[in-house]
Structure formats: C-alpha cells, structure tokens
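> Dropping a structure here in structure tokens format, bear with me for questions.
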Amino acid sequence: MMSAERLKGIETFVATAAAGSFTAAAARLHLTSSAVSKSVARLEDRLGNRLFERTTRRLALTDAGVAFYSTCLRVLADLEEAEAVLAAQRREPVGRLRLDVPTTFGRLRVWPLLLRFAQQHRQLRPHVTFTDRFVDLLEEGVDVAVRIGGPDHWPASVGHRSLGRERLIFCASPDYLAKRGTPLSLAELARHDALLYGKADGMPSPWLIAHAPGAVERRTMEGRMTIGNAEALVAAVKAGCGVAQLATWLVSGEIERGELVPILPELTTEGLPLNLIWPVGRQLLPKVDAMLELLAELQI
C-alpha cells in the first residue's frame, strides 16, 4: 500500500520540477524551502537515483528525473480524473482523454466529430495526436485509437472493434482524361502515368487489382511520381499529373464536385480495415465509453 509520505514526496517533487527551484516550489506549497529540499532528498534516497542536478545558480532534472517526472504527471492526472469521475455522480465524460488517430483520416473524418463532441462535453479535456506510426496504447497512455490496418489477432489487453474496410478506386482529373483518354481496360490503364503512394520505408505501394471475387493481385507499377502523403497525392491527381488508386473516404468530396473522375469502377477493391482499439482496463470509464460510441459513427 502506498503511504501518505510517498504521495507527499511525489507532490513536492512535481512542484519543484515545474517551478524550477526549491524556493518557488515552497511558495506554491506553502512550505519552507528547507522542507521542500529535504522532501526531495528523501525521495531520491528512496529511489536510489538523483532526480536533480543542483548548482548555485540553477536546478535541472537529470535523465532519471525527466523519466520519473513524466510518470508522476501521468499518475497525478489519473488520480485527478478518478476524483472527477466520482464527483460527477453520473455517466458524463470528464477529465483528460488521450486519442490517437491516423494523420489524414483523422483530420478529414475524426476531427469534425471530435469538435462537435468536445463542444457538448465541456468537462472533457481531449489530447489528440495525429500519427501513422504504431502506437503502444499502454506505454503511451492512449485511451482510444483509430487505426487503418492492424494485426489479424489483437492481444488480450487490447479491445477492438471493426468499422469495415477501405474501398479503393482508380481516378484521374477531367483535364488529364481529356488529354490522354479514359482507359477502358486494365491493359489501357497500365499505359497511363501512375501516381503511387510512398510507404514509410520509401517503397511505393502496389496497385491492388480485383479479379475474381476474393482474388486480388498486388501489381508493382513504374510510377511517374511516388508521394508519401495522402493529401499531396490527391493534389497531384487533381493537378492532372496522372492516375492513382485512392480510398473512397479520401476523395469522395472531390468526386462529388467533379474534380476527380472514377476510372474502371469494376476494378474497385477492398483495402485496409478500419479499427477502434483501446486498453480493455479503461473501457468502463465514461469518457472512453462515450468516445467509442462516437467513433462508431465513422464511415470508410
């Protein structure tokens, strides 16, 4: 069981790290500078690590201090959130919520939903990151993540919900098709300028060609351009640089406005799956439950 003295030591350490000096921390905590200094020294003795480098002119966190400070902030935030949930006395989303979403899909599809949600729940404090890299939910303190793609089998510690799969279509700009002609077969399509998505390792993603039901060919193309950003790839297609295979969620607006034209719709195929994932231990928190319900509205 954690003692009150141990919690007091953490509070003093966090205040000192935030204030940058024992004197400033003492003023915040209504203690003497000597009491703050001794509390931090006792904490360092207990941990067996120096948390601060002390000089006559400044106080700076050591590497161990930086790591411990980050952990303490997370622990204190969780305690604050637990108190807020209990005080609410209702299933109302409150406190800090850490959400991680894919960069482009997050901006185009998740962000509008989240803005509306945040306006409705003023006690919620979302912390949203946009990234396409793998995120360890537990290691990075993520409550809910949206992922395009993922393993076939999720670990037992991770809850997940499938929201369907991407649909991939070939498209080009009206100007490009006016100059080069609209391909009417796969053979004709292969003779056009291919614009490819560049993966993180620098390799271009292959085109996925649907044949018989369930049979998909991964065709490596010689691209005119390889672009490592989805929105930049769409811009290149709109500018008339060539043909690309793109997810419908990414270009539905451009197609409705006539800025892009679908090509060979019979070649439309499935792409990556869309999943919601979360640490199973946090699912019953009102904020997480409400966020999962909100994100279940996502369409891909």
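Letters A, B, ... go to the chains of the structure tokens in the order shown; residues in each chain start at 1; ligands are counted from 1 in the same order.
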Counting only C-alpha atoms, which residues in range 118-207 of chain A sit no more than 8 Å from range 250-267 of chain A? For each one, give the nearest pair of atoms and the distance in Å, sorted by chain then residue number, as JSON lines.


```
{"residue": "A:Ile169", "atom": "CA", "partner": "A:Pro262", "partner_atom": "CA", "distance": 6.7}
{"residue": "A:Phe170", "atom": "CA", "partner": "A:Ile263", "partner_atom": "CA", "distance": 5.2}
{"residue": "A:Cys171", "atom": "CA", "partner": "A:Pro262", "partner_atom": "CA", "distance": 4.3}
{"residue": "A:Ala172", "atom": "CA", "partner": "A:Leu260", "partner_atom": "CA", "distance": 5.5}
{"residue": "A:Ser173", "atom": "CA", "partner": "A:Leu260", "partner_atom": "CA", "distance": 4.6}
{"residue": "A:Pro174", "atom": "CA", "partner": "A:Val261", "partner_atom": "CA", "distance": 6.4}
{"residue": "A:Thr182", "atom": "CA", "partner": "A:Ile263", "partner_atom": "CA", "distance": 7.4}
{"residue": "A:Pro183", "atom": "CA", "partner": "A:Ile263", "partner_atom": "CA", "distance": 7.2}
{"residue": "A:Leu184", "atom": "CA", "partner": "A:Leu264", "partner_atom": "CA", "distance": 6.6}
{"residue": "A:Ser185", "atom": "CA", "partner": "A:Leu264", "partner_atom": "CA", "distance": 7.2}
```

> With a distance cut-off of 12 Å and only C-alpha atoms, select the neighbouring residues of Phe134 in chain A, excluding the residue or stretch itself and same-chain residues fewer than 4 positions from it, and output the selection as a PyMOL selection string.

chain A and resi 100-102+130+139-140+142+145-151+200

> Would you mind listing what lies within 8 Å of range 223-226 of chain A as a list in words, with only C-alpha atoms counted and same-chain residues fewer than 2 positions away left out?

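The contact residues come out as Asp193, Ala194, Leu195, Leu196, Tyr197, Gly198, Pro204, Met221, Gly228 and Gly242 of chain A.
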
> Those same residues, written as a JSON list (two decimals), in the first residue's frame with N, CA and C atoms?


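Contents of the output file result.json:
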```
[["chain", "number", "residue", "atom", "x", "y", "z"],
["A", 193, "ASP", "N", 0.07, 7.30, -66.86],
["A", 193, "ASP", "CA", 1.01, 7.75, -65.82],
["A", 193, "ASP", "C", 0.47, 7.36, -64.46],
["A", 194, "ALA", "N", 1.22, 6.54, -63.75],
["A", 194, "ALA", "CA", 0.79, 6.07, -62.44],
["A", 194, "ALA", "C", 1.35, 6.97, -61.34],
["A", 195, "LEU", "N", 0.48, 7.42, -60.46],
["A", 195, "LEU", "CA", 0.89, 8.16, -59.27],
["A", 195, "LEU", "C", 0.73, 7.21, -58.08],
["A", 196, "LEU", "N", 1.82, 6.99, -57.34],
["A", 196, "LEU", "CA", 1.84, 5.95, -56.31],
["A", 196, "LEU", "C", 2.03, 6.56, -54.94],
["A", 197, "TYR", "N", 1.49, 5.86, -53.94],
["A", 197, "TYR", "CA", 1.69, 6.28, -52.55],
["A", 197, "TYR", "C", 2.99, 5.68, -52.04],
["A", 198, "GLY", "N", 3.84, 6.51, -51.43],
["A", 198, "GLY", "CA", 5.11, 6.05, -50.89],
["A", 198, "GLY", "C", 4.99, 5.64, -49.44],
["A", 204, "PRO", "N", 7.20, 2.27, -53.02],
["A", 204, "PRO", "CA", 5.84, 2.59, -53.45],
["A", 204, "PRO", "C", 4.88, 1.45, -53.15],
["A", 221, "MET", "N", 3.96, -1.14, -59.86],
["A", 221, "MET", "CA", 3.91, -0.24, -61.01],
["A", 221, "MET", "C", 5.18, 0.62, -61.08],
["A", 228, "GLY", "N", 4.65, 10.42, -50.52],
["A", 228, "GLY", "CA", 4.47, 9.83, -49.19],
["A", 228, "GLY", "C", 3.45, 10.52, -48.32],
["A", 242, "GLY", "N", -1.54, 12.43, -63.38],
["A", 242, "GLY", "CA", -1.67, 11.02, -63.70],
["A", 242, "GLY", "C", -2.86, 10.37, -63.01]]
```

> For Leu276 in chain A, list every protein, DNA or RNA residue within 8 Å, evaluated using only C-alpha atoms, and leave out those in the same chain fewer than 3 positions away; present the list as a ChimeraX atom specification.

/A:144-147,160-163,292,295

> Where does DSSP see strand (DSSP E) in range 47-183 of chain A, if you list the residues as a PyMOL selection string?

chain A and resi 52-54+59-61+95-101+124-130+144-148+158-172

> Considering only C-alpha atoms, can you say which of A:Val40, A:Ile300, A:Leu97, A:Ala190 comes closest to Val14 in chain A?

A:Val40

> Mind checking which residues fall within 12 Å of Leu47 in chain A, counting only C-alpha atoms, ignoring those fewer than 6 positions away in the same chain, and posting them as a PyMOL selection string?

chain A and resi 6+9-10+40-41+64-65+68

> Can I get the residues of range 109-211 of chain A within 9 Å of range 283-288 of chain A, each with the closest pair of atoms and their distance in Å to one decimal, using only C-alpha atoms, sorted chain first then ascending number, as a Markdown table?


```
| residue | atom | partner | partner_atom | distance |
| --- | --- | --- | --- | --- |
| A:Leu124 | CA | A:Lys287 | CA | 7.6 |
| A:Asp143 | CA | A:Val288 | CA | 6.6 |
| A:Val144 | CA | A:Val288 | CA | 6.9 |
| A:Gly159 | CA | A:Gln283 | CA | 8.1 |
```
